[in-house]
>>> print(open('start_13.cif').read())   # mmCIF, C-alpha atoms
data_start
loop_
_atom_site.label_atom_id
_atom_site.label_comp_id
_atom_site.auth_asym_id
_atom_site.auth_seq_id
_atom_site.Cartn_x
_atom_site.Cartn_y
_atom_site.Cartn_z
CA MET P 1 13.15 -38.67 -14.15
CA ILE P 2 14.31 -37.77 -10.62
CA VAL P 3 15.21 -41.34 -9.66
CA PHE P 4 16.95 -42.10 -12.95
CA GLY P 5 18.74 -38.73 -12.82
CA ALA P 6 20.10 -39.67 -9.39
CA TYR P 7 21.22 -43.04 -10.79
CA VAL P 8 23.02 -41.27 -13.65
CA ARG P 9 24.81 -38.93 -11.23
CA LEU P 10 25.73 -41.68 -8.77
CA THR P 11 27.23 -43.87 -11.51
CA ASP P 12 29.34 -40.94 -12.80
CA ALA P 13 27.48 -40.97 -16.11
CA GLY P 14 26.67 -37.24 -16.20
CA LEU P 15 29.37 -36.74 -18.82
CA GLY P 16 28.70 -40.03 -20.61
CA CYS P 17 27.83 -37.84 -23.60
CA PRO P 18 30.12 -34.78 -23.67
CA ASP P 19 27.77 -32.75 -25.89
CA TRP P 20 24.08 -31.80 -25.81
CA PRO P 21 21.32 -32.63 -26.80
CA GLY P 22 22.77 -35.54 -28.79
CA CYS P 23 25.52 -37.98 -27.90
CA TYR P 24 28.75 -37.28 -29.80
CA GLY P 25 26.55 -35.64 -32.42
CA PHE P 26 24.11 -38.58 -32.73
CA ILE P 27 20.57 -39.02 -31.38
CA THR P 28 21.53 -42.43 -29.93
CA VAL P 29 24.79 -43.77 -28.56
CA PRO P 30 27.21 -44.36 -31.47
CA ASP P 31 28.47 -47.91 -31.86
CA THR P 32 29.27 -48.59 -35.54
CA ALA P 33 32.79 -48.37 -36.94
CA GLU P 34 31.84 -45.37 -39.11
CA GLU P 35 30.32 -43.50 -36.16
CA LEU P 36 33.30 -44.21 -33.90
CA SER P 37 35.66 -43.08 -36.65
CA ALA P 38 33.74 -39.79 -36.95
CA ILE P 39 33.99 -39.33 -33.17
CA GLU P 40 37.78 -39.63 -33.30
CA GLU P 41 37.83 -36.63 -35.63
CA SER P 42 35.16 -34.52 -33.88
CA PHE P 43 36.05 -35.43 -30.26
CA PRO P 44 39.79 -36.21 -30.22
CA GLY P 45 40.90 -38.02 -27.09
CA GLN P 46 37.34 -38.96 -26.06
CA VAL P 47 36.54 -42.62 -25.41
CA VAL P 48 32.92 -43.72 -25.79
CA GLU P 49 31.70 -45.62 -22.73
CA PRO P 50 28.44 -47.20 -23.94
CA GLY P 51 27.01 -47.92 -20.47
CA LYS P 52 27.45 -44.36 -19.21
CA ALA P 53 26.39 -42.86 -22.53
CA TRP P 54 23.16 -44.89 -22.66
CA ARG P 55 22.29 -43.96 -19.07
CA GLU P 56 22.73 -40.29 -19.89
CA MET P 57 20.68 -40.54 -23.12
CA ILE P 58 17.83 -42.49 -21.47
CA HIS P 59 17.65 -39.73 -18.87
CA ARG P 60 17.39 -37.17 -21.69
CA TYR P 61 14.67 -39.21 -23.43
CA ILE P 62 12.64 -39.34 -20.20
CA ALA P 63 13.11 -35.59 -19.68
CA SER P 64 11.99 -34.90 -23.27
CA LEU P 65 8.86 -37.00 -22.79
CA LEU P 66 8.09 -35.14 -19.55
CA GLY P 67 8.50 -31.81 -21.36
CA LEU P 68 6.13 -32.95 -24.10
CA LEU P 69 3.49 -34.02 -21.56
CA ILE P 70 3.74 -30.70 -19.72
CA LEU P 71 3.38 -28.84 -23.04
CA ILE P 72 0.22 -30.86 -23.79
CA LEU P 73 -1.03 -30.06 -20.28
CA PHE P 74 -0.54 -26.32 -20.83
CA VAL P 75 -2.17 -26.36 -24.29
CA SER P 76 -5.17 -28.29 -22.95
CA GLU P 77 -5.60 -25.69 -20.18
CA ALA P 78 -5.11 -22.74 -22.54
CA PHE P 79 -7.78 -23.93 -24.99
CA LYS P 80 -10.24 -25.25 -22.42
CA LYS P 81 -13.74 -23.94 -23.09
CA ASN P 82 -15.60 -21.74 -20.59
CA LYS P 83 -12.45 -21.02 -18.64
CA THR P 84 -12.29 -18.09 -16.27
CA VAL P 85 -10.09 -15.07 -16.80
CA PHE P 86 -6.35 -15.84 -16.76
CA SER P 87 -5.78 -14.04 -13.46
CA ASP P 88 -8.33 -16.28 -11.72
CA ASN P 89 -7.42 -19.54 -13.45
CA PHE P 90 -5.06 -21.42 -11.13
CA ASN P 91 -4.73 -24.48 -13.37
CA LEU P 92 -3.72 -22.38 -16.37
CA LYS P 93 -1.18 -20.42 -14.35
CA ILE P 94 0.38 -23.51 -12.79
CA SER P 95 0.59 -25.30 -16.15
CA LEU P 96 2.34 -22.25 -17.62
CA LEU P 97 4.72 -22.18 -14.68
CA LEU P 98 5.41 -25.89 -15.21
CA LEU P 99 6.14 -25.29 -18.90
CA LEU P 100 8.58 -22.46 -18.13
CA LEU P 101 10.21 -24.54 -15.41
CA VAL P 102 10.70 -27.59 -17.62
CA ILE P 103 12.25 -25.39 -20.34
CA PHE P 104 14.66 -23.98 -17.76
CA GLN P 105 15.35 -27.55 -16.62
CA GLY P 106 16.36 -28.37 -20.19
CA LEU P 107 18.83 -25.49 -20.13
CA LEU P 108 20.21 -26.66 -16.78
CA GLY P 109 20.60 -30.14 -18.27
CA MET P 110 22.63 -28.64 -21.11
CA TRP P 111 24.77 -26.55 -18.72
CA THR P 112 25.33 -29.62 -16.53
CA VAL P 113 27.16 -31.18 -19.49
CA THR P 114 28.79 -28.12 -21.02
CA LEU P 115 30.00 -26.85 -17.61
CA LYS P 116 31.26 -30.34 -16.71
CA VAL P 117 28.94 -31.16 -13.80
CA HIS P 118 29.66 -27.96 -11.88
CA PRO P 119 28.21 -28.48 -8.36
CA PHE P 120 26.04 -25.32 -8.42
CA VAL P 121 24.53 -26.23 -11.79
CA VAL P 122 23.90 -29.86 -10.79
CA LEU P 123 22.30 -28.71 -7.52
CA ALA P 124 20.06 -26.27 -9.42
CA HIS P 125 19.11 -29.11 -11.79
CA LEU P 126 18.16 -31.31 -8.83
CA VAL P 127 16.10 -28.53 -7.21
CA GLY P 128 14.39 -27.84 -10.55
CA GLY P 129 13.42 -31.50 -10.85
CA LEU P 130 11.93 -31.57 -7.35
CA SER P 131 10.13 -28.27 -8.02
CA THR P 132 8.61 -29.75 -11.20
CA LEU P 133 7.46 -32.81 -9.26
CA SER P 134 5.98 -30.63 -6.51
CA LEU P 135 4.07 -28.41 -8.95
CA LEU P 136 2.64 -31.45 -10.73
CA PHE P 137 1.56 -32.84 -7.37
CA VAL P 138 -0.06 -29.53 -6.36
CA TYR P 139 -1.82 -29.43 -9.74
CA LEU P 140 -3.15 -32.94 -9.11
CA LYS P 141 -4.32 -32.09 -5.59
CA ARG P 142 -6.07 -28.92 -6.77
CA ILE P 143 -8.20 -30.86 -9.28
CA GLY P 144 -10.42 -32.27 -6.56
CA ALA P 145 -9.99 -29.52 -3.96
CA PRO P 146 -12.82 -27.20 -2.85
CA THR P 147 -12.83 -23.67 -4.23
CA LYS P 148 -12.06 -22.09 -0.87
CA PRO P 149 -9.62 -23.48 1.70
CA ARG P 150 -10.88 -24.24 5.18
CA ALA P 151 -7.62 -23.64 7.06
CA ASN P 152 -4.61 -21.35 6.79
CA PHE P 153 -0.95 -22.25 6.28
CA THR P 154 0.32 -22.08 9.87
CA GLY P 155 3.68 -20.82 11.08
CA LEU P 156 4.60 -24.33 12.26
CA LEU P 157 4.01 -25.80 8.81
CA PHE P 158 6.01 -22.97 7.23
CA PHE P 159 8.89 -23.65 9.63
CA GLY P 160 8.78 -27.36 8.77
CA PHE P 161 8.77 -26.54 5.06
CA VAL P 162 11.83 -24.27 5.43
CA LEU P 163 13.67 -27.03 7.32
CA LEU P 164 12.78 -29.56 4.63
CA ILE P 165 13.97 -27.33 1.77
CA ALA P 166 17.20 -26.51 3.64
CA GLN P 167 17.88 -30.22 4.18
CA ILE P 168 17.19 -31.03 0.53
CA LEU P 169 19.69 -28.31 -0.47
CA LEU P 170 22.26 -29.72 1.96
CA GLY P 171 21.66 -33.23 0.63
CA GLY P 172 22.02 -32.03 -2.95
CA TRP P 173 25.23 -30.17 -2.07
CA THR P 174 26.56 -33.34 -0.41
CA SER P 175 25.79 -35.38 -3.51
CA THR P 176 27.08 -32.92 -6.11
CA ASN P 177 30.37 -32.57 -4.24
CA TYR P 178 30.71 -36.35 -3.79
CA ALA P 179 30.80 -35.90 -0.01
CA ALA P 180 28.58 -38.85 0.92
CA LEU P 181 31.51 -40.46 2.75
CA GLY P 182 32.78 -37.19 4.25
CA CYS P 183 32.13 -38.92 7.58
CA PRO P 184 32.79 -42.65 7.17
CA ASP P 185 31.39 -43.63 10.57
CA LEU P 186 28.08 -43.04 12.34
CA PRO P 187 26.77 -41.70 14.72
CA LEU P 188 30.18 -40.08 15.31
CA CYS P 189 32.33 -38.52 12.58
CA TYR P 190 35.90 -39.78 12.59
CA GLY P 191 35.19 -40.83 16.17
CA GLN P 192 34.29 -37.29 17.26
CA PHE P 193 31.03 -35.52 18.11
CA TRP P 194 32.32 -32.40 16.34
CA PRO P 195 35.00 -33.37 13.79
CA SER P 196 38.19 -31.34 14.11
CA ASN P 197 39.23 -31.90 10.49
CA MET P 198 36.38 -29.87 8.92
CA ASP P 199 37.03 -27.03 6.47
CA ILE P 200 33.76 -25.08 6.45
CA ASN P 201 35.20 -22.35 4.24
CA GLU P 202 36.08 -24.79 1.46
CA GLY P 203 32.87 -26.76 1.85
CA PHE P 204 30.44 -23.84 1.73
CA LEU P 205 32.07 -20.45 1.20
CA MET P 206 34.76 -20.97 -1.43
CA TRP P 207 33.61 -20.34 -5.03
CA GLN P 208 34.24 -23.28 -7.32
CA SER P 209 35.35 -21.85 -10.65
CA PHE P 210 33.91 -22.88 -14.01
CA GLY P 211 35.98 -24.69 -16.64
CA LYS P 212 37.08 -27.62 -14.47
CA ASN P 213 35.73 -31.15 -14.64
CA TYR P 214 33.99 -31.79 -11.30
CA GLU P 215 33.16 -35.45 -11.93
CA GLY P 216 34.25 -37.33 -8.81
CA GLY P 217 34.53 -34.09 -6.82
CA LEU P 218 37.48 -31.74 -6.41
CA LEU P 219 37.13 -30.73 -2.76
CA SER P 220 39.68 -31.87 -0.17
CA PRO P 221 38.59 -34.43 2.49
CA PRO P 222 38.15 -31.67 5.16
CA GLY P 223 35.81 -29.74 2.80
CA LYS P 224 33.77 -32.88 2.15
CA THR P 225 33.65 -33.66 5.87
CA ALA P 226 32.20 -30.21 6.60
CA ILE P 227 29.47 -30.68 3.99
CA HIS P 228 28.57 -34.17 5.17
CA PHE P 229 28.55 -33.22 8.87
CA PHE P 230 26.25 -30.25 8.36
CA HIS P 231 23.93 -32.50 6.33
CA ARG P 232 23.76 -34.73 9.40
CA LEU P 233 22.99 -31.77 11.64
CA GLY P 234 20.25 -30.81 9.18
CA ALA P 235 18.81 -34.31 9.44
CA VAL P 236 18.60 -33.99 13.23
CA ALA P 237 16.93 -30.56 12.99
CA LEU P 238 14.49 -31.80 10.34
CA THR P 239 13.58 -34.88 12.38
CA LEU P 240 12.82 -32.76 15.43
CA GLY P 241 10.84 -30.16 13.42
CA LEU P 242 8.78 -32.66 11.44
CA GLY P 243 8.38 -34.77 14.58
CA VAL P 244 6.57 -31.87 16.29
CA ILE P 245 4.33 -31.41 13.23
CA ILE P 246 3.55 -35.13 12.98
CA PHE P 247 2.76 -35.37 16.71
CA LYS P 248 0.43 -32.36 16.50
CA TYR P 249 -1.60 -33.62 13.54
CA LEU P 250 -1.78 -37.22 14.73
CA LYS P 251 -4.11 -35.80 17.41
CA SER P 252 -6.36 -34.20 14.77
CA PRO P 253 -10.06 -35.17 14.85
CA SER P 254 -9.90 -35.65 11.06
CA THR P 255 -9.08 -39.20 9.92
CA ARG P 256 -7.66 -37.90 6.63
CA VAL P 257 -5.28 -35.55 8.44
CA LYS P 258 -4.14 -38.37 10.73
CA LYS P 259 -3.44 -40.62 7.72
CA ALA P 260 -1.50 -37.83 5.99
CA ALA P 261 0.58 -37.33 9.18
CA LEU P 262 1.29 -41.09 9.31
CA VAL P 263 2.42 -41.06 5.67
CA LEU P 264 4.80 -38.20 6.47
CA ALA P 265 6.09 -40.09 9.51
CA ALA P 266 6.73 -43.21 7.39
CA ALA P 267 8.55 -41.22 4.70
CA LEU P 268 10.73 -39.52 7.34
CA PHE P 269 11.51 -42.81 9.09
CA PHE P 270 12.56 -44.61 5.91
CA GLN P 271 14.61 -41.64 4.70
CA LEU P 272 16.53 -41.61 7.98
CA LEU P 273 16.95 -45.39 7.96
CA ILE P 274 18.26 -45.41 4.39
CA GLY P 275 20.68 -42.58 5.19
CA ILE P 276 22.08 -44.46 8.20
CA VAL P 277 22.42 -47.81 6.44
CA MET P 278 23.89 -46.05 3.40
CA VAL P 279 26.86 -44.77 5.45
CA TRP P 280 27.34 -48.14 7.15
CA SER P 281 27.32 -49.89 3.75
CA GLY P 282 29.96 -47.58 2.28
CA ILE P 283 27.37 -45.89 0.00
CA ALA P 284 25.79 -48.80 -1.84
CA LEU P 285 24.41 -47.61 -5.19
CA SER P 286 20.89 -48.95 -4.60
CA LEU P 287 20.65 -47.24 -1.21
CA ALA P 288 22.04 -43.94 -2.50
CA THR P 289 19.47 -43.95 -5.32
CA ALA P 290 16.71 -44.80 -2.85
CA HIS P 291 17.86 -41.93 -0.61
CA ASN P 292 17.22 -39.51 -3.50
CA ALA P 293 13.85 -41.12 -4.22
CA PHE P 294 12.72 -40.89 -0.59
CA ALA P 295 13.78 -37.23 -0.45
CA ALA P 296 11.22 -36.65 -3.22
CA LEU P 297 8.62 -38.78 -1.40
CA LEU P 298 9.25 -36.90 1.85
CA LEU P 299 8.64 -33.62 0.04
CA LEU P 300 5.42 -34.95 -1.52
CA SER P 301 4.17 -36.36 1.78
CA PHE P 302 4.70 -32.96 3.42
CA LEU P 303 2.78 -31.21 0.61
CA ASN P 304 0.07 -33.84 0.94
CA LEU P 305 -0.29 -33.11 4.67
CA VAL P 306 -0.48 -29.36 4.00
CA TYR P 307 -3.25 -29.81 1.42
CA THR P 308 -5.13 -32.29 3.58
CA ILE P 309 -5.11 -29.77 6.45
CA LYS P 310 -5.96 -26.83 4.21
CA TYR P 311 -8.88 -28.50 2.42
CA ARG P 312 -10.02 -31.03 5.02
#
>>> encode(input="start_13.cif", output="structure tokens")
Amino acid sequence: MIVFGAYVRLTDAGLGCPDWPGCYGFITVPDTAEELSAIEESFPGQVVEPGKAWREMIHRYIASLLGLLILILFVSEAFKKNKTVFSDNFNLKISLLLLLLVIFQGLLGMWTVTLKVHPFVVLAHLVGGLSTLSLLFVYLKRIGAPTKPRANFTGLLFFGFVLLIAQILLGGWTSTNYAALGCPDLPLCYGQFWPSNMDINEGFLMWQSFGKNYEGGLLSPPGKTAIHFFHRLGAVALTLGLGVIIFKYLKSPSTRVKKAALVLAAALFFQLLIGIVMVWSGIALSLATAHNAFAALLLLSFLNLVYTIKYR
């Protein structure tokens, strides 16, 4: 869902169906003469683009299937025999949280369309998807974990987690504002270490009003440059922060912890590599989609390291 959602956004297919949950009032993409005639009456001025519409609907089908699976997960936990009291049942609580989150994700999906891909809504939708993935991963890890943890969540790990979340938010803000080419060169930005054409106020502080169509982005080039440049600074900070964490746990006596640290190092390396090549390639679609996918993998590899340390 996350990877295909990124593909939908990157191919400007978020408004391939201008209504929700159907597509021009149909459960599939309309293509017959009768259906297209009905669309002319119900959606005057709208032109059906089958490719974009199908991408948007396939994303909705995947999301619906995910919601159904999470509902089944919650029901199976709720009716499990010999379960402990609700307050002590982690699996039941996390499955309920997942169910509530996926319902809210459905609402965000609707608002993404009805509010015409407003950057704040699209960013919230992206964060919700990654949160759903993370909770499912934590649920999976808890299945085989001991009852009591053997180590605490350290300040260093917390700092790394904050850096990672901040960078994901910056990356999402870059994507939803179509600022991926805010700096067309690398490692410099417009040939400067600190670009003089940035508009930080427009990029981060100016409220973007509802009612406009944000497909393609409405910010000026200086606003996009500010967003992109700060995403780069975030990448440097994250690399340094995670680098310290990786170095520390590569020296762990536990083989499992060392392997988890290596997985995190690999995810970080490939995410950086894809980001660099992506700018040099002029934002190739395959690389931009992979950049979103590896952001999710980087998050999971960090959570995996935390759980491996905590329950080693």
>>> residues_around(input="start_13.cif", residues="Ser301 in chain P", least_positions_apart="6", cutoff="12 Å", atoms="all atoms listed in the file", output="short mmCIF file (atom, residue, chain, number, x, y, z; two decimals) with C-alpha atoms, keeping the file's coordinate frame")
data_model
loop_
_atom_site.label_atom_id
_atom_site.label_comp_id
_atom_site.auth_asym_id
_atom_site.auth_seq_id
_atom_site.Cartn_x
_atom_site.Cartn_y
_atom_site.Cartn_z
CA SER P 134 5.98 -30.63 -6.51
CA PHE P 137 1.56 -32.84 -7.37
CA VAL P 138 -0.06 -29.53 -6.36
CA PHE P 161 8.77 -26.54 5.06
CA LEU P 164 12.78 -29.56 4.63
CA LEU P 242 8.78 -32.66 11.44
CA ILE P 246 3.55 -35.13 12.98
CA VAL P 257 -5.28 -35.55 8.44
CA LYS P 259 -3.44 -40.62 7.72
CA ALA P 260 -1.50 -37.83 5.99
CA ALA P 261 0.58 -37.33 9.18
CA LEU P 262 1.29 -41.09 9.31
CA VAL P 263 2.42 -41.06 5.67
CA LEU P 264 4.80 -38.20 6.47
CA ALA P 265 6.09 -40.09 9.51
CA ALA P 266 6.73 -43.21 7.39
CA ALA P 267 8.55 -41.22 4.70
CA LEU P 268 10.73 -39.52 7.34
CA PHE P 294 12.72 -40.89 -0.59
CA ALA P 295 13.78 -37.23 -0.45
CA TYR P 307 -3.25 -29.81 1.42
CA THR P 308 -5.13 -32.29 3.58
#
>>> closest_residue(input="start_13.cif", among="P:His291, P:Arg232, P:Lys93, P:Lys310", to="Gln167 in chain P", atoms="all atoms listed in the file")
P:Arg232
>>> resolve_selection(input="start_13.cif", expression="the PyMOL selection byres ((chain P and resi 140) around 12)", output="MDAnalysis selection string")
chainID P and resid 73 90:91 94:95 133:139 141:145 300 303:304 307
>>> atom_distance(input="start_13.cif", atom1="CA of Lys258 in chain P", atom2="CA of Val277 in chain P")
28.5 Å
>>> residues_around(input="start_13.cif", residues="Trp194 in chain P", least_positions_apart="4", cutoff="12 Å", atoms="all atoms listed in the file", output="tab-separated table (two decimals) with C-alpha atoms, in the coordinates of the input")
chain	number	residue	atom	x	y	z
P	183	CYS	CA	32.13	-38.92	7.58
P	187	PRO	CA	26.77	-41.70	14.72
P	188	LEU	CA	30.18	-40.08	15.31
P	189	CYS	CA	32.33	-38.52	12.58
P	190	TYR	CA	35.90	-39.78	12.59
P	198	MET	CA	36.38	-29.87	8.92
P	225	THR	CA	33.65	-33.66	5.87
P	226	ALA	CA	32.20	-30.21	6.60
P	228	HIS	CA	28.57	-34.17	5.17
P	229	PHE	CA	28.55	-33.22	8.87
P	230	PHE	CA	26.25	-30.25	8.36
P	232	ARG	CA	23.76	-34.73	9.40
P	233	LEU	CA	22.99	-31.77	11.64
>>> resolve_selection(input="start_13.cif", expression="the PyMOL selection byres ((chain P and resi 182) around 12)", output="PyMOL selection string")
chain P and resi 174-175+177-181+183-186+188-190+195+197-199+203+217+219-232+279+282-283
>>> atom_distance(input="start_13.cif", atom1="CA of Leu97 in chain P", atom2="CA of Leu156 in chain P")
27.0 Å
>>> residues_around(input="start_13.cif", residues="Ala166 in chain P", least_positions_apart="5", cutoff="9 Å", atoms="all atoms listed in the file", output="tab-separated table (two decimals) with C-alpha atoms, in the coordinates of the input")
chain	number	residue	atom	x	y	z
P	161	PHE	CA	8.77	-26.54	5.06
P	171	GLY	CA	21.66	-33.23	0.63
P	234	GLY	CA	20.25	-30.81	9.18
P	238	LEU	CA	14.49	-31.80	10.34
>>> closest_residue(input="start_13.cif", among="P:Phe104, P:Trp111, P:Phe79, P:Phe269", to="Trp20 in chain P", atoms="all atoms listed in the file")
P:Trp111
>>> closest_residue(input="start_13.cif", among="P:Trp280, P:Glu202, P:Thr11, P:Lys248", to="Glu56 in chain P", atoms="only C-alpha atoms")
P:Thr11
>>> atom_distance(input="start_13.cif", atom1="CA of Ser76 in chain P", atom2="CA of Ala63 in chain P")
20.0 Å
>>> residues_around(input="start_13.cif", residues="Ile27 in chain P", least_positions_apart="6", cutoff="10 Å", atoms="only C-alpha atoms", output="PDB file with C-alpha atoms, in the frame of the given file")
ATOM      1  CA  TRP P  20      24.080 -31.800 -25.810  1.00  0.00           C
ATOM      2  CA  PRO P  21      21.320 -32.630 -26.800  1.00  0.00           C
ATOM      3  CA  MET P  57      20.680 -40.540 -23.120  1.00  0.00           C
ATOM      4  CA  TYR P  61      14.670 -39.210 -23.430  1.00  0.00           C
TER       5      TYR P  61
END
>>> closest_residue(input="start_13.cif", among="P:Leu305, P:Gly128, P:His59, P:Ile165", to="Ser254 in chain P", atoms="only C-alpha atoms")
P:Leu305
>>> residues_around(input="start_13.cif", residues="Val8 in chain P", least_positions_apart="6", cutoff="12 Å", atoms="only C-alpha atoms", output="PyMOL selection string")
chain P and resi 1-2+14-17+51-60+117+122+176+215+285+288-289+292
>>> closest_residue(input="start_13.cif", among="P:Ala284, P:Val236, P:Pro50, P:Phe120", to="Met206 in chain P", atoms="only C-alpha atoms")
P:Phe120
>>> closest_residue(input="start_13.cif", among="P:Trp173, P:Phe270, P:Trp207, P:Phe159", to="Leu123 in chain P", atoms="all atoms listed in the file")
P:Trp173
>>> decode(input="start_13.cif", residues="range 53-65 of chain P", atoms="N, CA and C atoms", output="compact mmCIF listing (two decimals), in the first residue's frame")
# COMPACT_ATOMS: atom_id res chain seq x y z
N ALA P 53 -6.83 6.98 -13.29
CA ALA P 53 -7.99 6.52 -12.52
C ALA P 53 -7.79 5.10 -12.01
N TRP P 54 -7.22 4.22 -12.85
CA TRP P 54 -7.00 2.83 -12.42
C TRP P 54 -5.94 2.77 -11.32
N ARG P 55 -4.90 3.59 -11.43
CA ARG P 55 -3.88 3.60 -10.38
C ARG P 55 -4.50 4.01 -9.05
N GLU P 56 -5.33 5.02 -9.08
CA GLU P 56 -5.98 5.48 -7.85
C GLU P 56 -6.91 4.41 -7.28
N MET P 57 -7.68 3.74 -8.15
CA MET P 57 -8.63 2.73 -7.67
C MET P 57 -7.91 1.49 -7.15
N ILE P 58 -6.82 1.08 -7.80
CA ILE P 58 -6.06 -0.09 -7.31
C ILE P 58 -5.52 0.21 -5.92
N HIS P 59 -5.06 1.45 -5.72
CA HIS P 59 -4.58 1.84 -4.39
C HIS P 59 -5.71 1.73 -3.37
N ARG P 60 -6.91 2.13 -3.73
CA ARG P 60 -8.06 2.04 -2.83
C ARG P 60 -8.43 0.58 -2.56
N TYR P 61 -8.34 -0.27 -3.59
CA TYR P 61 -8.63 -1.70 -3.38
C TYR P 61 -7.64 -2.31 -2.40
N ILE P 62 -6.35 -1.97 -2.56
CA ILE P 62 -5.33 -2.51 -1.64
C ILE P 62 -5.59 -2.02 -0.22
N ALA P 63 -5.93 -0.74 -0.08
CA ALA P 63 -6.20 -0.17 1.24
C ALA P 63 -7.42 -0.85 1.89
N SER P 64 -8.44 -1.15 1.07
CA SER P 64 -9.64 -1.81 1.60
C SER P 64 -9.31 -3.22 2.07
N LEU P 65 -8.47 -3.91 1.32
CA LEU P 65 -8.07 -5.27 1.72
C LEU P 65 -7.27 -5.22 3.02
